[in-house]
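work34.txt follows (compact mmCIF, C-alpha atoms and all ligand atoms):
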```
# COMPACT_ATOMS: atom_id res chain seq x y z
CA MET N 28 -9.37 -14.50 -33.97
CA PHE N 29 -5.84 -13.56 -34.91
CA CYS N 30 -4.69 -10.02 -34.37
CA ARG N 31 -2.48 -8.32 -36.88
CA TRP N 32 0.68 -9.33 -34.99
CA ALA N 33 0.15 -12.98 -35.65
CA THR N 34 1.84 -13.16 -39.03
CA PRO N 35 4.97 -11.10 -38.29
CA LEU N 36 5.46 -12.88 -34.96
CA ALA N 37 5.08 -16.32 -36.46
CA GLY N 38 8.16 -15.87 -38.64
CA HIS N 39 10.21 -13.86 -36.19
CA LYS N 40 13.06 -15.33 -34.17
CA LEU N 41 12.81 -13.98 -30.65
CA ALA N 42 15.92 -14.53 -28.54
CA SER N 43 14.94 -12.62 -25.45
CA ALA N 44 12.34 -10.51 -23.74
CA LYS N 45 14.39 -7.47 -24.72
CA GLU N 46 14.26 -8.46 -28.37
CA PHE N 47 10.55 -9.14 -28.06
CA SER N 48 9.95 -5.66 -26.69
CA SER N 49 12.05 -3.95 -29.36
CA PHE N 50 10.27 -6.02 -31.99
CA LEU N 51 6.97 -4.68 -30.75
CA ALA N 52 8.38 -1.15 -30.50
CA GLY N 53 9.48 -1.48 -34.15
CA GLN N 54 5.92 -2.39 -35.05
CA HIS N 55 4.74 0.84 -33.37
CA ALA N 56 2.46 -1.06 -31.06
CA SER N 57 -0.03 1.07 -29.23
CA PRO N 58 -1.40 -0.05 -25.85
CA ASN N 59 -4.57 -1.17 -27.64
CA ASP N 60 -2.57 -3.18 -30.13
CA LEU N 61 -0.73 -4.88 -27.32
CA GLN N 62 -3.94 -5.64 -25.54
CA ALA N 63 -5.28 -7.16 -28.74
CA LEU N 64 -2.09 -9.17 -29.04
CA PHE N 65 -2.36 -10.55 -25.55
CA ALA N 66 -6.05 -11.14 -26.00
CA ASN N 67 -5.22 -13.60 -28.75
CA PHE N 68 -2.16 -15.38 -27.38
CA SER N 69 -1.87 -16.73 -23.88
CA TYR N 70 1.75 -17.55 -23.97
CA PHE N 71 4.91 -16.48 -25.78
CA ARG N 72 7.90 -18.71 -25.65
CA LEU N 73 11.02 -16.60 -25.76
CA ALA N 74 12.94 -19.53 -27.12
CA ARG N 75 16.71 -19.72 -27.41
CA ASN N 76 16.50 -21.07 -30.92
CA GLY N 77 13.45 -19.05 -31.75
CA GLU N 78 11.61 -22.11 -32.91
CA SER N 79 8.34 -21.55 -31.17
CA GLN N 80 7.35 -18.13 -29.96
CA TYR N 81 3.81 -18.64 -28.94
CA SER N 82 0.88 -20.93 -28.71
CA MET N 83 -2.67 -19.89 -29.28
CA ALA N 84 -4.91 -19.25 -26.36
CA ARG N 85 -8.37 -18.74 -25.14
CA ALA N 86 -9.19 -15.07 -24.66
CA SER N 87 -10.57 -15.59 -21.16
CA LYS N 88 -7.24 -16.87 -19.88
CA VAL N 89 -5.38 -14.09 -21.56
CA ARG N 90 -7.40 -11.27 -20.10
CA ARG N 91 -5.50 -12.01 -16.88
CA VAL N 92 -2.19 -12.46 -18.71
CA ARG N 93 -2.56 -9.03 -20.25
CA GLU N 94 -2.87 -7.45 -16.82
CA ARG N 95 -0.11 -9.42 -15.18
CA HIS N 96 2.89 -9.63 -17.41
CA CYS N 97 5.62 -7.19 -18.15
CA ALA N 98 9.15 -7.88 -19.33
CA SER N 99 11.04 -4.71 -20.04
CA LYS N 100 10.78 -0.99 -19.85
CA SER N 101 9.05 -0.56 -23.18
CA LEU N 102 6.44 -3.17 -22.35
CA CYS N 103 6.12 -1.94 -18.75
CA SER N 104 5.55 1.60 -19.87
CA LEU N 105 2.74 0.29 -22.07
CA GLY N 106 1.30 -1.50 -19.05
CA VAL N 107 1.97 -5.01 -20.37
CA ARG N 108 3.69 -7.91 -18.61
CA ILE N 109 5.00 -10.96 -20.45
CA PRO N 110 3.79 -14.37 -19.28
CA PRO N 111 6.01 -16.17 -16.78
CA PHE N 112 8.36 -19.01 -17.76
CA SER N 113 6.86 -22.31 -16.66
CA SER N 114 7.85 -25.99 -16.73
CA THR N 115 7.24 -26.12 -20.49
CA SER N 116 9.26 -22.99 -21.34
CA ASP N 117 12.76 -23.09 -22.74
CA PRO N 118 15.33 -21.07 -20.78
CA PRO N 119 16.61 -17.72 -21.97
CA PRO N 120 20.18 -17.89 -23.37
CA LEU N 121 21.81 -18.26 -19.93
CA PHE N 122 25.19 -16.75 -19.08
CA ASP N 123 25.45 -14.86 -22.36
CA GLY N 124 26.50 -11.67 -20.60
CA THR N 125 22.95 -10.40 -20.12
CA THR N 126 22.08 -9.33 -16.58
CA ARG N 127 18.80 -10.99 -15.58
CA LEU N 128 16.50 -10.66 -12.63
CA TYR N 129 14.56 -13.89 -12.14
CA THR N 130 11.36 -12.81 -10.52
CA SER N 131 7.72 -13.66 -9.94
CA TYR N 132 4.77 -11.32 -10.29
CA THR N 133 3.27 -12.71 -7.09
CA CYS N 134 6.31 -12.95 -4.78
CA PRO N 135 6.83 -10.01 -2.39
CA TYR N 136 10.54 -10.82 -2.04
CA ALA N 137 11.05 -10.71 -5.79
CA GLN N 138 8.97 -7.55 -6.01
CA ARG N 139 11.42 -5.81 -3.67
CA VAL N 140 14.29 -6.17 -6.13
CA TRP N 141 12.07 -5.30 -9.10
CA ILE N 142 11.18 -2.03 -7.32
CA ALA N 143 14.86 -1.31 -6.61
CA MET N 144 15.80 -2.01 -10.22
CA ASN N 145 13.02 0.25 -11.52
CA TYR N 146 13.86 3.02 -9.07
CA LYS N 147 17.42 3.09 -10.34
CA GLY N 148 16.15 3.20 -13.93
CA LEU N 149 17.75 -0.12 -14.88
CA GLN N 150 14.87 -1.51 -16.95
CA ASP N 151 17.07 -1.54 -20.06
CA LYS N 152 20.15 -2.89 -18.25
CA ILE N 153 18.54 -5.76 -16.37
CA GLU N 154 16.25 -8.18 -18.16
CA LEU N 155 13.27 -9.34 -16.18
CA VAL N 156 12.65 -13.10 -16.35
CA PRO N 157 9.30 -13.88 -14.68
CA ILE N 158 9.07 -17.43 -13.32
CA ASP N 159 5.85 -19.29 -12.58
CA ILE N 160 6.61 -20.39 -9.02
CA ARG N 161 3.67 -22.81 -9.01
CA ASP N 162 5.05 -24.54 -12.09
CA MET N 163 8.81 -23.92 -11.95
CA PRO N 164 10.89 -24.73 -15.02
CA ALA N 165 13.41 -27.48 -14.13
CA TRP N 166 16.25 -25.51 -15.75
CA TYR N 167 15.86 -22.77 -13.14
CA LYS N 168 17.02 -25.05 -10.30
CA GLU N 169 19.43 -27.06 -12.45
CA LYS N 170 21.16 -24.27 -14.33
CA VAL N 171 20.39 -20.95 -12.67
CA TYR N 172 19.74 -21.02 -8.92
CA PRO N 173 19.93 -24.36 -7.07
CA VAL N 174 18.08 -22.82 -4.09
CA ASN N 175 15.10 -22.79 -6.49
CA LYS N 176 13.57 -19.60 -5.10
CA VAL N 177 12.97 -16.21 -6.60
CA PRO N 178 14.38 -13.63 -6.72
CA SER N 179 17.84 -14.28 -8.11
CA LEU N 180 20.13 -12.12 -10.17
CA GLU N 181 22.35 -13.36 -13.01
CA HIS N 182 25.24 -10.90 -13.28
CA ASN N 183 28.83 -11.23 -14.52
CA GLY N 184 28.58 -15.01 -14.84
CA LYS N 185 27.28 -15.51 -11.29
CA VAL N 186 23.85 -15.95 -9.76
CA LEU N 187 23.08 -14.28 -6.46
CA GLY N 188 20.01 -14.53 -4.24
CA GLU N 189 18.21 -13.18 -1.15
CA SER N 190 16.09 -10.13 -1.78
CA LEU N 191 17.57 -7.80 0.86
CA ASP N 192 21.10 -8.60 -0.33
CA LEU N 193 20.06 -8.14 -3.95
CA ILE N 194 18.61 -4.66 -3.35
CA LYS N 195 21.96 -3.62 -1.88
CA TYR N 196 23.92 -5.41 -4.62
CA VAL N 197 21.94 -3.65 -7.35
CA ASP N 198 22.40 -0.35 -5.55
CA ALA N 199 26.17 -0.80 -5.18
CA ASN N 200 26.91 -2.22 -8.63
CA PHE N 201 24.67 -0.25 -10.98
CA GLU N 202 24.09 3.37 -11.84
CA GLY N 203 21.04 5.38 -10.78
CA PRO N 204 19.77 7.18 -7.69
CA PRO N 205 21.15 5.66 -4.47
CA LEU N 206 18.92 3.49 -2.32
CA VAL N 207 21.22 3.37 0.69
CA PRO N 208 21.57 6.86 2.20
CA ALA N 209 24.98 8.28 3.06
CA ASP N 210 23.85 9.46 6.52
CA PRO N 211 25.10 6.81 9.03
CA ALA N 212 22.13 7.37 11.37
CA LYS N 213 19.69 6.69 8.53
CA LYS N 214 21.71 3.72 7.38
CA GLU N 215 21.70 2.22 10.86
CA PHE N 216 17.98 2.77 11.35
CA GLY N 217 17.36 1.28 7.90
CA GLU N 218 19.25 -1.89 8.87
CA GLN N 219 17.23 -2.09 12.07
CA LEU N 220 13.95 -1.76 10.17
CA THR N 221 14.76 -4.28 7.44
CA SER N 222 16.04 -6.84 9.92
CA HIS N 223 12.70 -6.58 11.73
CA ILE N 224 10.45 -7.34 8.70
CA ASP N 225 10.50 -11.12 9.04
CA SER N 226 9.46 -11.11 12.71
CA LEU N 227 6.85 -8.42 12.02
CA MET N 228 5.36 -10.58 9.27
CA LYS N 229 5.49 -13.66 11.51
CA ASP N 230 3.43 -11.81 14.14
CA LEU N 231 0.97 -10.69 11.49
CA TYR N 232 0.58 -14.21 10.05
CA ALA N 233 -0.02 -15.46 13.60
CA SER N 234 -2.73 -12.85 14.06
CA PHE N 235 -4.62 -14.25 11.03
CA LYS N 236 -4.85 -17.67 12.60
CA GLY N 237 -6.72 -16.73 15.77
CA GLU N 238 -9.66 -14.61 16.86
CA ASP N 239 -9.82 -10.85 16.26
CA PRO N 240 -6.90 -10.40 13.84
CA VAL N 241 -7.53 -6.65 13.56
CA HIS N 242 -6.88 -6.16 17.26
CA LYS N 243 -3.92 -8.53 17.32
CA ALA N 244 -2.26 -6.91 14.32
CA GLY N 245 -2.58 -3.41 15.80
CA ALA N 246 0.84 -3.45 17.49
CA SER N 247 2.58 -4.32 14.19
CA PHE N 248 0.95 -1.40 12.39
CA ASP N 249 1.77 0.89 15.33
CA TYR N 250 5.40 -0.18 14.93
CA LEU N 251 5.29 1.06 11.32
CA GLU N 252 3.56 4.30 12.35
CA ASN N 253 6.25 5.00 14.97
CA ALA N 254 9.09 4.12 12.60
CA LEU N 255 7.71 6.55 10.03
CA GLY N 256 8.02 9.34 12.62
CA LYS N 257 11.78 8.97 13.02
CA PHE N 258 12.88 11.23 10.12
CA ASP N 259 10.80 14.19 9.02
CA ASP N 260 12.54 15.17 5.77
CA GLY N 261 10.12 13.11 3.70
CA PRO N 262 7.22 10.66 3.95
CA PHE N 263 9.31 7.47 3.68
CA PHE N 264 11.00 5.40 6.37
CA LEU N 265 14.32 7.23 6.06
CA GLY N 266 12.75 10.47 4.83
CA GLN N 267 13.49 9.97 1.13
CA PHE N 268 12.68 6.74 -0.75
CA SER N 269 15.31 4.11 0.12
CA PHE N 270 16.12 0.39 0.29
CA VAL N 271 13.82 0.19 3.33
CA ASP N 272 10.80 1.22 1.24
CA ALA N 273 11.71 -1.23 -1.54
CA ALA N 274 11.82 -3.92 1.15
CA TYR N 275 8.60 -2.98 2.96
CA ALA N 276 6.35 -1.83 0.10
CA PRO N 277 5.30 -5.32 -1.17
CA PHE N 278 4.29 -6.33 2.35
CA VAL N 279 2.50 -3.08 3.19
CA GLU N 280 0.66 -3.44 -0.13
CA ARG N 281 -0.54 -6.97 0.69
CA LEU N 282 -1.44 -6.06 4.27
CA GLU N 283 -3.52 -3.11 3.19
CA ILE N 284 -5.41 -5.29 0.69
CA THR N 285 -5.91 -8.12 3.19
CA PHE N 286 -7.21 -5.96 6.01
CA SER N 287 -9.46 -3.90 3.81
CA GLU N 288 -10.88 -6.74 1.67
CA VAL N 289 -10.97 -9.61 4.13
CA TYR N 290 -11.44 -7.88 7.51
CA LYS N 291 -13.06 -4.62 6.32
CA ASN N 292 -10.46 -2.71 8.30
CA ASP N 293 -8.49 0.35 7.23
CA ILE N 294 -4.98 -0.13 8.58
CA THR N 295 -4.30 3.62 8.21
CA SER N 296 -7.19 4.65 10.42
CA GLY N 297 -5.69 6.57 13.39
CA ARG N 298 -2.25 6.21 11.76
CA SER N 299 -1.73 9.36 9.75
CA LYS N 300 1.91 8.70 8.89
CA LEU N 301 1.09 5.28 7.49
CA ALA N 302 -1.74 6.85 5.48
CA THR N 303 0.63 9.43 3.97
CA TYR N 304 3.26 6.75 3.43
CA ILE N 305 0.93 4.59 1.34
CA GLU N 306 -0.33 7.62 -0.56
CA GLU N 307 3.23 8.73 -1.41
CA LEU N 308 4.31 5.19 -2.25
CA ASN N 309 1.55 5.06 -4.81
CA LYS N 310 3.08 8.06 -6.57
CA ILE N 311 6.36 6.18 -7.16
CA ASP N 312 6.30 4.64 -10.65
CA ALA N 313 9.07 2.19 -9.75
CA TYR N 314 6.64 0.64 -7.26
CA LYS N 315 3.32 1.19 -9.06
CA THR N 316 4.32 -0.93 -12.06
CA THR N 317 5.10 -3.89 -9.78
CA LYS N 318 1.84 -4.05 -7.83
CA VAL N 319 -0.21 -7.24 -7.52
CA ASP N 320 -3.74 -7.67 -8.76
CA PRO N 321 -5.70 -7.12 -5.50
CA GLN N 322 -8.53 -9.49 -6.40
CA GLU N 323 -6.22 -12.28 -7.37
CA PHE N 324 -4.22 -11.76 -4.17
CA VAL N 325 -7.35 -11.83 -2.00
CA GLU N 326 -8.46 -15.11 -3.61
CA VAL N 327 -5.11 -16.71 -2.84
CA PHE N 328 -5.10 -15.30 0.69
CA LYS N 329 -8.58 -16.63 1.43
CA LYS N 330 -7.56 -20.11 0.31
CA TRP N 331 -4.50 -19.92 2.57
CA LEU N 332 -6.68 -18.75 5.44
CA LEU N 333 -9.03 -21.67 4.94
CA VAL N 334 -6.12 -24.11 5.07
CA MET N 335 -4.84 -22.42 8.27
CA TYR N 336 -8.30 -22.51 9.82
CA THR N 337 -8.84 -26.16 8.95
CA GLN N 338 -5.42 -27.11 10.27
CA SER N 339 -5.97 -25.32 13.59
CA LYS N 340 -9.39 -27.01 13.99
CA LEU N 341 -7.83 -30.42 13.28
CA ILE N 342 -5.05 -29.73 15.75
CA SER N 343 -7.45 -28.64 18.49
CA HIS N 344 -9.51 -31.82 17.99
CA PHE N 345 -6.88 -34.44 17.24
CA GLY N 346 -3.48 -32.92 18.11
CA VAL N 347 -0.54 -31.96 15.86
CA GLY N 348 -0.33 -35.47 14.40
CA ALA N 349 -3.59 -34.84 12.54
CA ILE N 350 -1.92 -32.72 9.86
N1 LIG N 401 14.52 -15.15 1.84
C1 LIG N 401 14.21 -15.18 0.45
C2 LIG N 401 12.78 -15.65 0.27
C3 LIG N 401 12.42 -15.90 -1.17
C4 LIG N 401 11.18 -16.78 -1.30
O1 LIG N 401 10.70 -17.35 -0.32
N2 LIG N 401 10.65 -16.89 -2.52
C5 LIG N 401 9.51 -17.75 -2.76
C6 LIG N 401 8.39 -17.06 -3.50
S1 LIG N 401 7.71 -15.72 -2.60
C7 LIG N 401 9.93 -18.90 -3.67
O2 LIG N 401 10.70 -18.74 -4.58
N3 LIG N 401 9.38 -20.07 -3.43
C8 LIG N 401 9.57 -21.20 -4.30
C9 LIG N 401 9.68 -22.46 -3.54
O3 LIG N 401 9.89 -22.40 -2.31
O4 LIG N 401 9.57 -23.51 -4.17
C10 LIG N 401 14.42 -13.78 -0.13
O5 LIG N 401 14.28 -12.80 0.64
O6 LIG N 401 14.77 -13.65 -1.31
```
Can the structure from this file be put into structure tokens for me?
Ligand SMILES: N[C@@H](CCC(=O)N[C@@H](CS)C(=O)NCC(=O)O)C(=O)O
Amino acid sequence: MFCRWATPLAGHKLASAKEFSSFLAGQHASPNDLQALFANFSYFRLARNGESQYSMARASKVRRVRERHCASKSLCSLGVRIPPFSSTSDPPPLFDGTTRLYTSYTCPYAQRVWIAMNYKGLQDKIELVPIDIRDMPAWYKEKVYPVNKVPSLEHNGKVLGESLDLIKYVDANFEGPPLVPADPAKKEFGEQLTSHIDSLMKDLYASFKGEDPVHKAGASFDYLENALGKFDDGPFFLGQFSFVDAAYAPFVERLEITFSEVYKNDITSGRSKLATYIEELNKIDAYKTTKVDPQEFVEVFKKWLLVMYTQSKLISHFGVGAI
């Protein structure tokens, strides 16, 4: 069944996600209209030449698309995400002066920069280009970011990468509320905290592989609880929301889901600061609009866990050579 957007969209040349969103705004799309739109089309191609904007889809597939995809402020504020660019999608008009954040709705590293961009109110200044990291478009590696990872930022004719660097780059080069505090003590503690994330996550991943992950992960969550006690002028790591929260939030989000859904454990139990932290984080729109679908995340996590479990069993029986 075609919704009423089908005809106008079919003849419309869409050059970018921005244009797509203003097109919809011009059509006075209500959230219900947009849901109807996404319920009828699985996939919009934001083509450079505007030749092919969409292909028809099955509604079942699109129910998920509707939840997941969001391209710009106007679509975000309506709770809609555009589908990611995949191997069959044409690139946006690269290096045309538009600032673009190449992201993924499922990648915590990309989510960090998306949060930072939202927090600074840059939704209209930086175009979001979601990439399907399971089916990467070849042009992304060839023409945008040879490292072939998300996130990356196209700005002033250059492409930069690495999420922690990008948060700081966005903070230093764009308007909006600062993410790096002026106070040197806070700045220093922030650096200490962000440089610890990778080893914290490594410990947590290791805890999933063995027996009693809840017990093993305890020390990592205690680290967060203690860190949250350092500054008392707000509920966040440095008191007020900062680059540290943009960096940690995607991981805290996934950990909370994992422990509650997979291990039936509340990571905030006995950790009142962490409980308040998560509660306050969930009041920040810049973060809320970037959250993952918990069910989808749990499904992916369980598959990963199964692979880990199988690998460790093979190793214990046959040695490392078995995998
Ligand atoms: N250190 C990088 C990590 C980025 C990263 O690992 N991104 C993953 C997705 S979560 C990716 O693009 N993977 C694609 C691939 O490896 O092919 C950062 O902080 O930006």
Using all atoms listed in the file, find each residue with an atom at most 12 Å away from ligand LIG 401 (chain N) and format the answer as an mmCIF file with C-alpha atoms, in the frame of the given file.
```cif
data_model
loop_
_atom_site.group_PDB
_atom_site.id
_atom_site.type_symbol
_atom_site.label_atom_id
_atom_site.label_comp_id
_atom_site.auth_asym_id
_atom_site.auth_seq_id
_atom_site.Cartn_x
_atom_site.Cartn_y
_atom_site.Cartn_z
ATOM 1 C CA LEU N 128 16.500 -10.660 -12.630
ATOM 2 C CA TYR N 129 14.560 -13.890 -12.140
ATOM 3 C CA THR N 130 11.360 -12.810 -10.520
ATOM 4 C CA SER N 131 7.720 -13.660 -9.940
ATOM 5 C CA TYR N 132 4.770 -11.320 -10.290
ATOM 6 C CA THR N 133 3.270 -12.710 -7.090
ATOM 7 C CA CYS N 134 6.310 -12.950 -4.780
ATOM 8 C CA PRO N 135 6.830 -10.010 -2.390
ATOM 9 C CA TYR N 136 10.540 -10.820 -2.040
ATOM 10 C CA ALA N 137 11.050 -10.710 -5.790
ATOM 11 C CA GLN N 138 8.970 -7.550 -6.010
ATOM 12 C CA ARG N 139 11.420 -5.810 -3.670
ATOM 13 C CA VAL N 140 14.290 -6.170 -6.130
ATOM 14 C CA TRP N 141 12.070 -5.300 -9.100
ATOM 15 C CA PRO N 157 9.300 -13.880 -14.680
ATOM 16 C CA ILE N 158 9.070 -17.430 -13.320
ATOM 17 C CA ASP N 159 5.850 -19.290 -12.580
ATOM 18 C CA ILE N 160 6.610 -20.390 -9.020
ATOM 19 C CA ARG N 161 3.670 -22.810 -9.010
ATOM 20 C CA ASP N 162 5.050 -24.540 -12.090
ATOM 21 C CA MET N 163 8.810 -23.920 -11.950
ATOM 22 C CA PRO N 164 10.890 -24.730 -15.020
ATOM 23 C CA ALA N 165 13.410 -27.480 -14.130
ATOM 24 C CA TYR N 167 15.860 -22.770 -13.140
ATOM 25 C CA LYS N 168 17.020 -25.050 -10.300
ATOM 26 C CA TYR N 172 19.740 -21.020 -8.920
ATOM 27 C CA PRO N 173 19.930 -24.360 -7.070
ATOM 28 C CA VAL N 174 18.080 -22.820 -4.090
ATOM 29 C CA ASN N 175 15.100 -22.790 -6.490
ATOM 30 C CA LYS N 176 13.570 -19.600 -5.100
ATOM 31 C CA VAL N 177 12.970 -16.210 -6.600
ATOM 32 C CA PRO N 178 14.380 -13.630 -6.720
ATOM 33 C CA SER N 179 17.840 -14.280 -8.110
ATOM 34 C CA LEU N 180 20.130 -12.120 -10.170
ATOM 35 C CA LEU N 187 23.080 -14.280 -6.460
ATOM 36 C CA GLY N 188 20.010 -14.530 -4.240
ATOM 37 C CA GLU N 189 18.210 -13.180 -1.150
ATOM 38 C CA SER N 190 16.090 -10.130 -1.780
ATOM 39 C CA LEU N 191 17.570 -7.800 0.860
ATOM 40 C CA ASP N 192 21.100 -8.600 -0.330
ATOM 41 C CA LEU N 193 20.060 -8.140 -3.950
ATOM 42 C CA ILE N 194 18.610 -4.660 -3.350
ATOM 43 C CA THR N 221 14.760 -4.280 7.440
ATOM 44 C CA SER N 222 16.040 -6.840 9.920
ATOM 45 C CA ILE N 224 10.450 -7.340 8.700
ATOM 46 C CA ASP N 225 10.500 -11.120 9.040
ATOM 47 C CA ALA N 274 11.820 -3.920 1.150
ATOM 48 C CA TYR N 275 8.600 -2.980 2.960
ATOM 49 C CA PRO N 277 5.300 -5.320 -1.170
ATOM 50 C CA PHE N 278 4.290 -6.330 2.350
#
```
Nearest to Lys318 of chain N by atom-to-atom distance, counting only C-alpha atoms, from N:Arg127, N:His242, N:Lys213, N:Arg108: N:Arg108
Interatomic distance, atom CA of Ala273 of chain N to atom CA of Thr126 of chain N (Å, one decimal): 20.0 Å
Which of N:Tyr290, N:Trp166, N:Phe112, N:Phe263 sits closest to Ser234 of chain N [using only C-alpha atoms]: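 For Ser234 of chain N, the nearest of the candidates is N:Tyr290.
Using only C-alpha atoms, the nearest neighbour of Lys315 of chain N within the list N:Leu301, N:Val334, N:Ala254, N:Ile142 is N:Ile142.
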Pick from N:Glu202, N:Asp272, N:Glu323, N:Glu238 nearest to Ile153 of chain N, counting only C-alpha atoms: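 Closest residue, counting only C-alpha atoms: N:Glu202.
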Proximity to Gln322 of chain N - best of N:Val271, N:Thr285, N:Thr337, N:Pro120, all atoms listed in the file: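 Under the stated criterion, the closest residue is N:Thr285.
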Exercise: residues within 7 Å of coordinate (22.0, 1.8, -14.6), counting all atoms listed in the file, as a PyMOL selection string: chain N and resi 147-149+152+201-203
For a cutoff of 12 Å around the file-coordinate point (-3.5, -17.2, 16.8), which residues qualify once you count only C-alpha atoms? I'd like the result as a short mmCIF file (atom, residue, chain, number, x, y, z; two decimals) with C-alpha atoms, in the coordinates of the input.
```
data_model
loop_
_atom_site.label_atom_id
_atom_site.label_comp_id
_atom_site.auth_asym_id
_atom_site.auth_seq_id
_atom_site.Cartn_x
_atom_site.Cartn_y
_atom_site.Cartn_z
CA LYS N 229 5.49 -13.66 11.51
CA ASP N 230 3.43 -11.81 14.14
CA LEU N 231 0.97 -10.69 11.49
CA TYR N 232 0.58 -14.21 10.05
CA ALA N 233 -0.02 -15.46 13.60
CA SER N 234 -2.73 -12.85 14.06
CA PHE N 235 -4.62 -14.25 11.03
CA LYS N 236 -4.85 -17.67 12.60
CA GLY N 237 -6.72 -16.73 15.77
CA GLU N 238 -9.66 -14.61 16.86
CA ASP N 239 -9.82 -10.85 16.26
CA PRO N 240 -6.90 -10.40 13.84
CA VAL N 241 -7.53 -6.65 13.56
CA HIS N 242 -6.88 -6.16 17.26
CA LYS N 243 -3.92 -8.53 17.32
CA ALA N 244 -2.26 -6.91 14.32
CA LEU N 332 -6.68 -18.75 5.44
CA MET N 335 -4.84 -22.42 8.27
CA TYR N 336 -8.30 -22.51 9.82
CA SER N 339 -5.97 -25.32 13.59
CA LYS N 340 -9.39 -27.01 13.99
#
```
